[in-house]
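Shown next, in structure tokens, is the structure this report addresses.
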Amino acid sequence: MVLNKTEFVGKLRDEVRILLHLVSKVDPARLDYRPTPGQRSLRELLEYLTIFAPIHLRTIHAGVWNMDAWRTAWRTEEAAARNKSFEELRDSLAAHDGLFTETVESLSDEDLRAGMQMFGSTSTRGSWLVSLVLTHYAAYRMQLFLYLKACGREELDTFNLWVGKDAPPRA
């Protein structure tokens, strides 16, 4: 791995920090917003953000993937997320930080290099962490940002998206 485990966990934590910054810009009155009828609503996107990482992290940590067990976990977590308030969804996302310690930090370098099959492909557990957790955070962070812009948050800019802070005042 190009990054060591500490650096990788730092990247995961930074993704969550940026996501929480963007979530702080959500107007709860706009949670029903969806770009088109077939796309997730803003609320459904927040629900997804709270469940994908824990499911993937725990599966990769276990080192064994079973489609039936994965689907069951997904349905269970999805149902639980549907019943959470906006504040509970935000808090669930914030709790991902603890999962990084529980899952990633407890894996040895040997564990991270071990092969694992998921979704019909084999890769190392470390590679699965990058492709199923880190890149998902980045991709869905962008989607959240675009939803916020479409909901009228015109003041948001790339500083919010990439740095996770409001841009400093322009001189």
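By convention here, the chains of the structure tokens are called A, B, ... in the order presented, each chain's residues are numbered starting at 1, and ligands are numbered starting at 1 in the order presented.
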
Q: Using DSSP on the backbone, list every residue of chain A that comes out as strand (DSSP E), and give them as a ChimeraX atom specification.
A: /A:115-118,121-124

C-alpha atoms of the current selection, written as an mmCIF file, in the first residue's frame:
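Wrote it out as out_12.cif, contents follow:
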data_model
loop_
_atom_site.group_PDB
_atom_site.id
_atom_site.type_symbol
_atom_site.label_atom_id
_atom_site.label_comp_id
_atom_site.auth_asym_id
_atom_site.auth_seq_id
_atom_site.Cartn_x
_atom_site.Cartn_y
_atom_site.Cartn_z
ATOM 1 C CA GLY A 115 -6.711 -11.815 -0.867
ATOM 2 C CA MET A 116 -10.456 -11.670 -0.546
ATOM 3 C CA GLN A 117 -13.241 -12.302 -3.014
ATOM 4 C CA MET A 118 -16.181 -9.902 -3.216
ATOM 5 C CA SER A 121 -13.627 -10.385 -8.036
ATOM 6 C CA THR A 122 -10.551 -11.091 -5.953
ATOM 7 C CA SER A 123 -8.326 -8.378 -4.565
ATOM 8 C CA THR A 124 -6.451 -7.670 -1.359
#

Q) Could you pull the residues within 10 Å of segment 92-107 of chain A, counting only C-alpha atoms, minus those fewer than 3 positions along the same chain, as a PyMOL selection string? A) chain A and resi 5-6+8-10+12-14+16-17+19-20+23+46-51+53-54+57-62+81+84+86-89+110-113+125-126+129

Q: Tell me which protein, DNA and RNA residues are within 9 Å of Pro28 of chain A, counting only C-alpha atoms, leaving out same-chain ones fewer than 3 positions away, and put them as a list in words.
A: Leu31, Asp32, Arg43 and Phe86 of chain A

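Shortest separation to Trp65 of chain A among A:Gly120, A:Leu146, A:Asp166, A:Gly152 occurs at residue A:Gly120, atoms counted being only C-alpha atoms.
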
Q | Computed interatomic separation between atom CA of Asn83 of chain A and atom CA of Ser24 of chain A (Å) | A | 19.9 Å

Please identify the alpha helix (DSSP H) residues within segment 21-126 of chain A (assignment by DSSP from backbone atoms) and present them as a short mmCIF file (atom, residue, chain, number, x, y, z; two decimals) with all heavy atoms, in the first residue's frame.
data_model
loop_
_atom_site.label_atom_id
_atom_site.label_comp_id
_atom_site.auth_asym_id
_atom_site.auth_seq_id
_atom_site.Cartn_x
_atom_site.Cartn_y
_atom_site.Cartn_z
N HIS A 21 -19.11 18.44 7.44
CA HIS A 21 -19.18 19.86 7.10
C HIS A 21 -20.31 20.08 6.09
O HIS A 21 -21.13 20.99 6.24
CB HIS A 21 -17.84 20.35 6.54
CG HIS A 21 -17.92 21.70 5.91
ND1 HIS A 21 -18.05 22.85 6.65
CD2 HIS A 21 -17.93 22.08 4.61
CE1 HIS A 21 -18.13 23.89 5.83
NE2 HIS A 21 -18.05 23.44 4.59
N LEU A 22 -20.36 19.24 5.05
CA LEU A 22 -21.41 19.38 4.04
C LEU A 22 -22.78 19.10 4.64
O LEU A 22 -23.76 19.81 4.33
CB LEU A 22 -21.13 18.47 2.84
CG LEU A 22 -19.91 18.87 2.00
CD1 LEU A 22 -19.62 17.80 0.95
CD2 LEU A 22 -20.10 20.24 1.36
N VAL A 23 -22.87 18.10 5.50
CA VAL A 23 -24.16 17.80 6.15
C VAL A 23 -24.63 19.00 6.96
O VAL A 23 -25.83 19.27 7.04
CB VAL A 23 -24.06 16.51 7.00
CG1 VAL A 23 -25.28 16.33 7.89
CG2 VAL A 23 -23.86 15.29 6.10
N LEU A 42 -32.41 13.56 -1.08
CA LEU A 42 -31.32 14.01 -0.21
C LEU A 42 -31.31 13.17 1.06
O LEU A 42 -30.26 12.73 1.53
CB LEU A 42 -31.49 15.50 0.11
CG LEU A 42 -30.46 16.14 1.04
CD1 LEU A 42 -29.04 15.90 0.57
CD2 LEU A 42 -30.75 17.63 1.16
N ARG A 43 -32.46 12.90 1.61
CA ARG A 43 -32.53 12.06 2.81
C ARG A 43 -32.00 10.66 2.52
O ARG A 43 -31.24 10.11 3.31
CB ARG A 43 -33.96 11.98 3.34
CG ARG A 43 -34.03 11.07 4.55
CD ARG A 43 -35.40 10.93 5.16
NE ARG A 43 -35.34 9.90 6.16
CZ ARG A 43 -34.81 10.01 7.36
NH1 ARG A 43 -34.28 11.15 7.75
NH2 ARG A 43 -34.79 9.01 8.20
N GLU A 44 -32.41 10.06 1.42
CA GLU A 44 -31.94 8.72 1.06
C GLU A 44 -30.42 8.69 0.85
O GLU A 44 -29.75 7.72 1.21
CB GLU A 44 -32.66 8.21 -0.18
CG GLU A 44 -34.12 7.90 0.07
CD GLU A 44 -34.95 7.75 -1.19
OE1 GLU A 44 -34.52 8.22 -2.27
OE2 GLU A 44 -36.05 7.18 -1.09
N LEU A 45 -29.88 9.78 0.31
CA LEU A 45 -28.43 9.88 0.16
C LEU A 45 -27.75 9.89 1.53
O LEU A 45 -26.76 9.20 1.75
CB LEU A 45 -28.06 11.14 -0.64
CG LEU A 45 -26.57 11.43 -0.79
CD1 LEU A 45 -25.84 10.29 -1.47
CD2 LEU A 45 -26.38 12.74 -1.55
N LEU A 46 -28.31 10.66 2.45
CA LEU A 46 -27.74 10.69 3.81
C LEU A 46 -27.85 9.31 4.47
O LEU A 46 -26.91 8.88 5.16
CB LEU A 46 -28.43 11.75 4.66
CG LEU A 46 -28.22 13.20 4.20
CD1 LEU A 46 -29.06 14.15 5.05
CD2 LEU A 46 -26.76 13.59 4.23
N GLU A 47 -28.95 8.63 4.26
CA GLU A 47 -29.10 7.28 4.80
C GLU A 47 -28.02 6.37 4.23
O GLU A 47 -27.36 5.62 4.96
CB GLU A 47 -30.49 6.72 4.48
CG GLU A 47 -31.61 7.41 5.21
CD GLU A 47 -32.99 7.06 4.68
OE1 GLU A 47 -33.12 6.20 3.78
OE2 GLU A 47 -33.97 7.67 5.17
N TYR A 48 -27.81 6.43 2.91
CA TYR A 48 -26.79 5.62 2.26
C TYR A 48 -25.40 5.93 2.84
O TYR A 48 -24.62 5.02 3.12
CB TYR A 48 -26.80 5.85 0.75
CG TYR A 48 -25.75 5.05 0.04
CD1 TYR A 48 -25.97 3.71 -0.28
CD2 TYR A 48 -24.53 5.61 -0.31
CE1 TYR A 48 -25.00 2.96 -0.91
CE2 TYR A 48 -23.56 4.87 -0.95
CZ TYR A 48 -23.79 3.54 -1.25
OH TYR A 48 -22.82 2.79 -1.87
N LEU A 49 -25.11 7.21 3.03
CA LEU A 49 -23.81 7.60 3.58
C LEU A 49 -23.57 7.01 4.97
O LEU A 49 -22.43 6.78 5.35
CB LEU A 49 -23.71 9.13 3.64
CG LEU A 49 -23.44 9.83 2.32
CD1 LEU A 49 -23.68 11.33 2.45
CD2 LEU A 49 -22.03 9.54 1.83
N THR A 50 -24.63 6.78 5.71
CA THR A 50 -24.44 6.23 7.06
C THR A 50 -24.27 4.72 7.07
O THR A 50 -23.74 4.18 8.03
CB THR A 50 -25.61 6.60 8.00
OG1 THR A 50 -26.79 5.95 7.57
CG2 THR A 50 -25.80 8.10 8.09
N ILE A 51 -24.70 4.02 5.99
CA ILE A 51 -24.68 2.56 6.06
C ILE A 51 -23.60 1.89 5.21
O ILE A 51 -23.15 0.80 5.56
CB ILE A 51 -26.06 1.94 5.72
CG1 ILE A 51 -26.45 2.16 4.27
CG2 ILE A 51 -27.12 2.45 6.67
CD1 ILE A 51 -27.72 1.44 3.84
N PHE A 52 -23.19 2.49 4.10
CA PHE A 52 -22.27 1.75 3.23
C PHE A 52 -20.94 1.44 3.90
O PHE A 52 -20.44 0.32 3.80
CB PHE A 52 -22.06 2.47 1.88
CG PHE A 52 -21.01 3.54 1.90
CD1 PHE A 52 -19.67 3.23 1.73
CD2 PHE A 52 -21.36 4.86 2.11
CE1 PHE A 52 -18.70 4.22 1.76
CE2 PHE A 52 -20.41 5.86 2.14
CZ PHE A 52 -19.07 5.54 1.96
N ALA A 53 -20.34 2.41 4.57
CA ALA A 53 -19.02 2.19 5.16
C ALA A 53 -19.03 1.14 6.27
O ALA A 53 -18.19 0.23 6.26
CB ALA A 53 -18.43 3.50 5.65
N PRO A 54 -19.96 1.20 7.22
CA PRO A 54 -19.95 0.16 8.26
C PRO A 54 -20.10 -1.26 7.68
O PRO A 54 -19.42 -2.18 8.12
CB PRO A 54 -21.14 0.52 9.15
CG PRO A 54 -21.30 2.00 8.98
CD PRO A 54 -20.94 2.26 7.54
N ILE A 55 -20.97 -1.41 6.69
CA ILE A 55 -21.16 -2.74 6.10
C ILE A 55 -19.89 -3.20 5.40
O ILE A 55 -19.43 -4.32 5.61
CB ILE A 55 -22.37 -2.73 5.13
CG1 ILE A 55 -23.67 -2.51 5.92
CG2 ILE A 55 -22.42 -4.03 4.32
CD1 ILE A 55 -24.88 -2.21 5.06
N HIS A 56 -19.31 -2.34 4.58
CA HIS A 56 -18.09 -2.72 3.86
C HIS A 56 -16.92 -2.93 4.83
O HIS A 56 -16.16 -3.89 4.68
CB HIS A 56 -17.73 -1.67 2.81
CG HIS A 56 -18.67 -1.61 1.66
ND1 HIS A 56 -19.21 -2.73 1.05
CD2 HIS A 56 -19.18 -0.56 0.98
CE1 HIS A 56 -19.99 -2.37 0.05
NE2 HIS A 56 -20.00 -1.05 -0.01
N LEU A 57 -16.78 -2.04 5.80
CA LEU A 57 -15.67 -2.17 6.75
C LEU A 57 -15.74 -3.48 7.53
O LEU A 57 -14.74 -4.17 7.69
CB LEU A 57 -15.66 -0.99 7.73
CG LEU A 57 -15.16 0.34 7.17
CD1 LEU A 57 -15.54 1.48 8.11
CD2 LEU A 57 -13.66 0.31 6.94
N ARG A 58 -16.91 -3.81 8.01
CA ARG A 58 -17.04 -5.05 8.80
C ARG A 58 -16.83 -6.29 7.94
O ARG A 58 -16.23 -7.26 8.39
CB ARG A 58 -18.39 -5.07 9.49
CG ARG A 58 -18.46 -4.05 10.63
CD ARG A 58 -19.76 -4.11 11.40
NE ARG A 58 -19.73 -3.14 12.48
CZ ARG A 58 -20.58 -2.13 12.61
NH1 ARG A 58 -21.56 -1.96 11.74
NH2 ARG A 58 -20.47 -1.29 13.61
N THR A 59 -17.31 -6.24 6.70
CA THR A 59 -17.12 -7.37 5.79
C THR A 59 -15.64 -7.56 5.49
O THR A 59 -15.11 -8.68 5.57
CB THR A 59 -17.91 -7.16 4.48
OG1 THR A 59 -19.30 -7.03 4.80
CG2 THR A 59 -17.70 -8.31 3.52
N ILE A 60 -14.96 -6.49 5.14
CA ILE A 60 -13.53 -6.57 4.81
C ILE A 60 -12.74 -6.97 6.05
O ILE A 60 -11.80 -7.77 5.97
CB ILE A 60 -13.04 -5.25 4.20
CG1 ILE A 60 -13.75 -5.01 2.85
CG2 ILE A 60 -11.53 -5.24 4.04
CD1 ILE A 60 -13.64 -3.60 2.32
N HIS A 61 -13.10 -6.45 7.19
CA HIS A 61 -12.42 -6.83 8.43
C HIS A 61 -12.54 -8.33 8.68
O HIS A 61 -11.56 -8.98 9.05
CB HIS A 61 -12.98 -6.03 9.61
CG HIS A 61 -12.28 -6.31 10.89
ND1 HIS A 61 -12.75 -7.23 11.81
CD2 HIS A 61 -11.12 -5.81 11.40
CE1 HIS A 61 -11.92 -7.27 12.83
NE2 HIS A 61 -10.93 -6.42 12.61
N ALA A 62 -13.71 -8.88 8.44
CA ALA A 62 -13.93 -10.32 8.64
C ALA A 62 -13.14 -11.14 7.62
O ALA A 62 -12.75 -12.28 7.90
CB ALA A 62 -15.42 -10.65 8.53
N MET A 67 -22.70 -13.22 -0.10
CA MET A 67 -23.72 -12.34 -0.66
C MET A 67 -25.00 -12.33 0.18
O MET A 67 -25.58 -11.26 0.41
CB MET A 67 -24.04 -12.75 -2.10
CG MET A 67 -25.04 -11.84 -2.77
SD MET A 67 -24.48 -10.12 -2.81
CE MET A 67 -24.88 -9.70 -4.46
N ASP A 68 -25.44 -13.48 0.65
CA ASP A 68 -26.67 -13.52 1.45
C ASP A 68 -26.51 -12.74 2.76
O ASP A 68 -27.39 -11.97 3.15
CB ASP A 68 -27.08 -14.97 1.74
CG ASP A 68 -27.55 -15.69 0.48
OD1 ASP A 68 -28.04 -15.02 -0.46
OD2 ASP A 68 -27.41 -16.92 0.43
N ALA A 69 -25.38 -12.93 3.43
CA ALA A 69 -25.13 -12.22 4.68
C ALA A 69 -24.99 -10.72 4.42
O ALA A 69 -25.49 -9.89 5.19
CB ALA A 69 -23.87 -12.75 5.35
N TRP A 70 -24.34 -10.37 3.31
CA TRP A 70 -24.16 -8.97 2.96
C TRP A 70 -25.52 -8.32 2.68
O TRP A 70 -25.79 -7.22 3.15
CB TRP A 70 -23.22 -8.88 1.75
CG TRP A 70 -22.84 -7.49 1.37
CD1 TRP A 70 -21.82 -6.75 1.89
CD2 TRP A 70 -23.49 -6.67 0.40
NE1 TRP A 70 -21.79 -5.52 1.29
CE2 TRP A 70 -22.81 -5.44 0.36
CE3 TRP A 70 -24.56 -6.86 -0.45
CZ2 TRP A 70 -23.16 -4.42 -0.48
CZ3 TRP A 70 -24.93 -5.82 -1.30
CH2 TRP A 70 -24.23 -4.62 -1.30
N ARG A 71 -26.37 -9.01 1.92
CA ARG A 71 -27.71 -8.47 1.63
C ARG A 71 -28.53 -8.30 2.90
O ARG A 71 -29.25 -7.32 3.07
CB ARG A 71 -28.45 -9.39 0.67
CG ARG A 71 -28.03 -9.24 -0.75
CD ARG A 71 -28.87 -10.13 -1.65
NE ARG A 71 -28.45 -9.96 -3.03
CZ ARG A 71 -28.40 -10.95 -3.90
NH1 ARG A 71 -28.74 -12.18 -3.55
NH2 ARG A 71 -28.01 -10.71 -5.14
N THR A 72 -28.43 -9.26 3.80
CA THR A 72 -29.16 -9.17 5.07
C THR A 72 -28.67 -7.97 5.87
O THR A 72 -29.49 -7.20 6.40
CB THR A 72 -28.99 -10.47 5.87
OG1 THR A 72 -29.55 -11.54 5.12
CG2 THR A 72 -29.67 -10.38 7.23
N ALA A 73 -27.37 -7.79 5.94
CA ALA A 73 -26.81 -6.64 6.66
C ALA A 73 -27.29 -5.34 6.01
O ALA A 73 -27.67 -4.39 6.71
CB ALA A 73 -25.29 -6.69 6.67
N TRP A 74 -27.29 -5.33 4.68
CA TRP A 74 -27.70 -4.12 3.96
C TRP A 74 -29.16 -3.79 4.27
O TRP A 74 -29.49 -2.66 4.60
CB TRP A 74 -27.50 -4.30 2.46
CG TRP A 74 -27.51 -2.97 1.78
CD1 TRP A 74 -28.59 -2.31 1.30
CD2 TRP A 74 -26.39 -2.11 1.59
NE1 TRP A 74 -28.22 -1.10 0.79
CE2 TRP A 74 -26.88 -0.95 0.96
CE3 TRP A 74 -25.04 -2.20 1.88
CZ2 TRP A 74 -26.05 0.12 0.61
CZ3 TRP A 74 -24.22 -1.14 1.53
CH2 TRP A 74 -24.72 -0.01 0.91
N ARG A 75 -30.04 -4.79 4.17
CA ARG A 75 -31.47 -4.56 4.44
C ARG A 75 -31.70 -4.09 5.88
O ARG A 75 -32.51 -3.19 6.13
CB ARG A 75 -32.27 -5.82 4.16
CG ARG A 75 -32.54 -6.04 2.70
CD ARG A 75 -33.51 -7.21 2.48
NE ARG A 75 -33.09 -7.91 1.30
CZ ARG A 75 -32.59 -9.14 1.27
NH1 ARG A 75 -32.50 -9.86 2.35
NH2 ARG A 75 -32.21 -9.68 0.13
N THR A 76 -31.00 -4.70 6.82
CA THR A 76 -31.14 -4.36 8.23
C THR A 76 -30.70 -2.92 8.48
O THR A 76 -31.41 -2.14 9.13
CB THR A 76 -30.33 -5.33 9.11
OG1 THR A 76 -30.80 -6.65 8.87
CG2 THR A 76 -30.43 -4.98 10.58
N GLU A 77 -29.53 -2.56 7.97
CA GLU A 77 -29.00 -1.21 8.17
C GLU A 77 -29.85 -0.16 7.44
O GLU A 77 -30.08 0.93 7.95
CB GLU A 77 -27.55 -1.13 7.69
CG GLU A 77 -26.58 -1.95 8.51
CD GLU A 77 -26.41 -1.45 9.92
OE1 GLU A 77 -26.49 -0.22 10.15
OE2 GLU A 77 -26.19 -2.28 10.81
N GLU A 78 -30.33 -0.52 6.26
CA GLU A 78 -31.18 0.39 5.48
C GLU A 78 -32.48 0.69 6.22
O GLU A 78 -32.91 1.83 6.32
CB GLU A 78 -31.46 -0.25 4.12
CG GLU A 78 -31.85 0.69 3.04
CD GLU A 78 -31.87 0.00 1.68
OE1 GLU A 78 -32.32 -1.17 1.59
OE2 GLU A 78 -31.43 0.63 0.72
N ALA A 79 -33.09 -0.35 6.76
CA ALA A 79 -34.34 -0.17 7.52
C ALA A 79 -34.10 0.69 8.76
O ALA A 79 -34.92 1.56 9.09
CB ALA A 79 -34.91 -1.53 7.91
N ALA A 80 -33.00 0.46 9.45
CA ALA A 80 -32.69 1.25 10.64
C ALA A 80 -32.46 2.71 10.27
O ALA A 80 -32.93 3.62 10.97
CB ALA A 80 -31.47 0.67 11.35
N ALA A 81 -31.77 2.95 9.16
CA ALA A 81 -31.48 4.33 8.74
C ALA A 81 -32.76 5.07 8.38
O ALA A 81 -32.88 6.28 8.64
CB ALA A 81 -30.51 4.32 7.56
N ARG A 82 -33.71 4.37 7.78
CA ARG A 82 -34.98 5.01 7.40
C ARG A 82 -35.73 5.57 8.60
O ARG A 82 -36.51 6.51 8.47
CB ARG A 82 -35.88 3.99 6.69
CG ARG A 82 -35.79 4.06 5.21
CD ARG A 82 -36.85 3.21 4.54
NE ARG A 82 -36.16 2.32 3.62
CZ ARG A 82 -36.06 1.01 3.75
NH1 ARG A 82 -36.65 0.39 4.73
NH2 ARG A 82 -35.39 0.30 2.87
N PHE A 86 -32.92 13.37 11.05
CA PHE A 86 -31.77 14.01 10.40
C PHE A 86 -30.58 14.07 11.35
O PHE A 86 -29.45 13.75 10.97
CB PHE A 86 -32.17 15.42 9.93
CG PHE A 86 -31.02 16.23 9.44
CD1 PHE A 86 -30.39 15.92 8.25
CD2 PHE A 86 -30.57 17.32 10.16
CE1 PHE A 86 -29.31 16.67 7.79
CE2 PHE A 86 -29.51 18.08 9.72
CZ PHE A 86 -28.87 17.76 8.53
N GLU A 87 -30.82 14.45 12.59
CA GLU A 87 -29.74 14.56 13.57
C GLU A 87 -29.11 13.19 13.85
O GLU A 87 -27.89 13.08 14.01
CB GLU A 87 -30.26 15.18 14.88
CG GLU A 87 -30.66 16.64 14.76
CD GLU A 87 -32.03 16.85 14.09
OE1 GLU A 87 -32.83 15.89 14.00
OE2 GLU A 87 -32.28 17.98 13.63
N GLU A 88 -29.94 12.16 13.92
CA GLU A 88 -29.42 10.81 14.15
C GLU A 88 -28.60 10.31 12.95
O GLU A 88 -27.59 9.63 13.14
CB GLU A 88 -30.56 9.83 14.43
CG GLU A 88 -31.21 10.05 15.78
CD GLU A 88 -32.48 9.25 15.96
OE1 GLU A 88 -33.26 9.09 14.98
OE2 GLU A 88 -32.71 8.78 17.10
N LEU A 89 -29.00 10.69 11.75
CA LEU A 89 -28.20 10.33 10.57
C LEU A 89 -26.83 11.01 10.64
O LEU A 89 -25.81 10.39 10.38
CB LEU A 89 -28.93 10.72 9.28
CG LEU A 89 -30.16 9.88 8.93
CD1 LEU A 89 -30.93 10.53 7.79
CD2 LEU A 89 -29.77 8.45 8.60
N ARG A 90 -26.83 12.30 10.99
CA ARG A 90 -25.56 13.03 11.13
C ARG A 90 -24.68 12.36 12.19
O ARG A 90 -23.49 12.14 11.97
CB ARG A 90 -25.84 14.49 11.51
CG ARG A 90 -24.58 15.33 11.61
CD ARG A 90 -24.82 16.64 12.33
NE ARG A 90 -25.37 16.38 13.65
CZ ARG A 90 -26.41 17.01 14.19
NH1 ARG A 90 -27.04 17.95 13.54
NH2 ARG A 90 -26.83 16.71 15.40
N ASP A 91 -25.27 12.00 13.32
CA ASP A 91 -24.51 11.37 14.40
C ASP A 91 -24.01 9.99 13.98
O ASP A 91 -22.91 9.59 14.37
CB ASP A 91 -25.36 11.26 15.66
CG ASP A 91 -25.69 12.62 16.26
OD1 ASP A 91 -25.06 13.63 15.88
OD2 ASP A 91 -26.61 12.67 17.11
N SER A 92 -24.79 9.27 13.19
CA SER A 92 -24.35 7.96 12.68
C SER A 92 -23.14 8.11 11.78
O SER A 92 -22.20 7.31 11.84
CB SER A 92 -25.47 7.27 11.90
OG SER A 92 -26.52 6.91 12.75
N LEU A 93 -23.14 9.13 10.95
CA LEU A 93 -21.98 9.39 10.09
C LEU A 93 -20.77 9.75 10.93
O LEU A 93 -19.67 9.25 10.70
CB LEU A 93 -22.31 10.50 9.09
CG LEU A 93 -21.23 10.86 8.09
CD1 LEU A 93 -20.83 9.66 7.24
CD2 LEU A 93 -21.70 12.01 7.21
N ALA A 94 -20.96 10.57 11.95
CA ALA A 94 -19.86 10.95 12.83
C ALA A 94 -19.27 9.73 13.55
O ALA A 94 -18.07 9.68 13.83
CB ALA A 94 -20.32 11.99 13.85
N HIS A 96 -18.66 6.91 12.35
CA HIS A 96 -17.78 6.10 11.50
C HIS A 96 -16.34 6.16 11.98
O HIS A 96 -15.59 5.20 11.81
CB HIS A 96 -17.86 6.58 10.05
CG HIS A 96 -19.12 6.22 9.36
ND1 HIS A 96 -19.28 6.32 8.01
CD2 HIS A 96 -20.31 5.75 9.82
CE1 HIS A 96 -20.49 5.93 7.67
NE2 HIS A 96 -21.14 5.60 8.76
N ASP A 97 -15.96 7.27 12.57
CA ASP A 97 -14.58 7.41 13.06
C ASP A 97 -14.20 6.25 13.98
O ASP A 97 -13.11 5.70 13.86
CB ASP A 97 -14.43 8.75 13.79
CG ASP A 97 -13.00 9.03 14.16
OD1 ASP A 97 -12.23 9.39 13.26
OD2 ASP A 97 -12.65 8.86 15.35
N GLY A 98 -15.09 5.87 14.87
CA GLY A 98 -14.82 4.75 15.77
C GLY A 98 -14.69 3.43 15.04
O GLY A 98 -13.93 2.55 15.46
N LEU A 99 -15.39 3.28 13.94
CA LEU A 99 -15.29 2.06 13.14
C LEU A 99 -13.91 1.89 12.52
O LEU A 99 -13.46 0.78 12.31
CB LEU A 99 -16.34 2.06 12.02
CG LEU A 99 -17.75 1.78 12.44
CD1 LEU A 99 -18.70 2.03 11.27
CD2 LEU A 99 -17.89 0.35 12.92
N PHE A 100 -13.26 3.00 12.21
CA PHE A 100 -11.93 2.91 11.60
C PHE A 100 -10.95 2.26 12.58
O PHE A 100 -10.13 1.45 12.18
CB PHE A 100 -11.43 4.29 11.17
CG PHE A 100 -12.35 5.01 10.24
CD1 PHE A 100 -12.46 6.39 10.29
CD2 PHE A 100 -13.14 4.33 9.33
CE1 PHE A 100 -13.31 7.07 9.44
CE2 PHE A 100 -14.00 5.00 8.47
CZ PHE A 100 -14.08 6.38 8.53
N THR A 101 -11.08 2.61 13.85
CA THR A 101 -10.23 1.99 14.87
C THR A 101 -10.59 0.51 15.03
O THR A 101 -9.72 -0.35 15.05
CB THR A 101 -10.41 2.72 16.22
OG1 THR A 101 -10.05 4.09 16.04
CG2 THR A 101 -9.56 2.10 17.30
N GLU A 102 -11.88 0.25 15.12
CA GLU A 102 -12.37 -1.12 15.32
C GLU A 102 -12.01 -2.05 14.16
O GLU A 102 -11.72 -3.22 14.38
CB GLU A 102 -13.90 -1.05 15.47
CG GLU A 102 -14.61 -2.37 15.58
CD GLU A 102 -16.12 -2.16 15.52
OE1 GLU A 102 -16.62 -1.19 16.12
OE2 GLU A 102 -16.79 -2.98 14.87
N ASP A 109 -0.60 -5.68 8.66
CA ASP A 109 -0.17 -5.48 7.27
C ASP A 109 -0.39 -6.76 6.46
O ASP A 109 -0.78 -6.71 5.30
CB ASP A 109 1.29 -5.04 7.20
CG ASP A 109 1.49 -3.61 7.70
OD1 ASP A 109 0.49 -2.85 7.78
OD2 ASP A 109 2.64 -3.26 8.02
N GLU A 110 -0.18 -7.88 7.09
CA GLU A 110 -0.41 -9.17 6.43
C GLU A 110 -1.90 -9.34 6.10
O GLU A 110 -2.25 -9.81 5.01
CB GLU A 110 0.06 -10.31 7.33
CG GLU A 110 -0.01 -11.68 6.68
CD GLU A 110 0.56 -12.75 7.59
OE1 GLU A 110 1.79 -12.87 7.64
OE2 GLU A 110 -0.25 -13.44 8.25
N ASP A 111 -2.77 -8.97 7.03
CA ASP A 111 -4.21 -9.02 6.78
C ASP A 111 -4.58 -8.16 5.57
O ASP A 111 -5.37 -8.57 4.72
CB ASP A 111 -5.02 -8.51 7.98
CG ASP A 111 -4.94 -9.39 9.20
OD1 ASP A 111 -4.72 -10.60 9.05
OD2 ASP A 111 -5.11 -8.84 10.31
N LEU A 112 -4.01 -6.96 5.50
CA LEU A 112 -4.33 -6.03 4.42
C LEU A 112 -3.86 -6.55 3.06
O LEU A 112 -4.45 -6.22 2.03
CB LEU A 112 -3.73 -4.65 4.69
CG LEU A 112 -4.36 -3.90 5.86
CD1 LEU A 112 -3.53 -2.68 6.21
CD2 LEU A 112 -5.80 -3.51 5.54
N ARG A 113 -2.80 -7.36 3.05
CA ARG A 113 -2.28 -7.92 1.80
C ARG A 113 -2.97 -9.23 1.42
O ARG A 113 -2.81 -9.72 0.31
CB ARG A 113 -0.78 -8.15 1.90
CG ARG A 113 0.04 -6.85 1.83
CD ARG A 113 1.52 -7.13 1.73
NE ARG A 113 2.06 -7.78 2.91
CZ ARG A 113 2.51 -7.15 3.99
NH1 ARG A 113 2.48 -5.84 4.05
NH2 ARG A 113 2.99 -7.83 5.01
N ARG A 125 -7.45 -7.22 0.76
CA ARG A 125 -8.37 -6.52 1.66
C ARG A 125 -8.07 -5.02 1.67
O ARG A 125 -8.98 -4.19 1.71
CB ARG A 125 -8.29 -7.13 3.05
CG ARG A 125 -8.98 -8.50 3.08
CD ARG A 125 -8.54 -9.35 4.24
NE ARG A 125 -9.20 -8.98 5.49
CZ ARG A 125 -8.92 -9.56 6.65
NH1 ARG A 125 -8.01 -10.53 6.72
NH2 ARG A 125 -9.55 -9.19 7.74
N GLY A 126 -6.79 -4.67 1.58
CA GLY A 126 -6.42 -3.26 1.51
C GLY A 126 -6.99 -2.58 0.27
O GLY A 126 -7.49 -1.46 0.34
#

Q. Given the choices A:Ser85, A:Pro168, A:Asn66, A:Ile18, which gets closest to Leu144 of chain A if the distance is worked out from only C-alpha atoms?
A.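 Between A:Ser85, A:Pro168, A:Asn66, A:Ile18, the residue approaching Leu144 of chain A most closely is A:Ile18.
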
(Q) Can you measure atom CA of Tyr147 of chain A to atom CA of Tyr33 of chain A for me? One decimal in Å is fine. (A)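 Straight-line distance from atom CA of Tyr147 of chain A to atom CA of Tyr33 of chain A works out to 8.0 Å.
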
Q) Which one of A:Asn160, A:Val130, A:Lys165, A:His136 sits closest to Val2 of chain A if you count only C-alpha atoms? A)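 Ranked by minimum distance to Val2 of chain A, first place goes to A:Val130.
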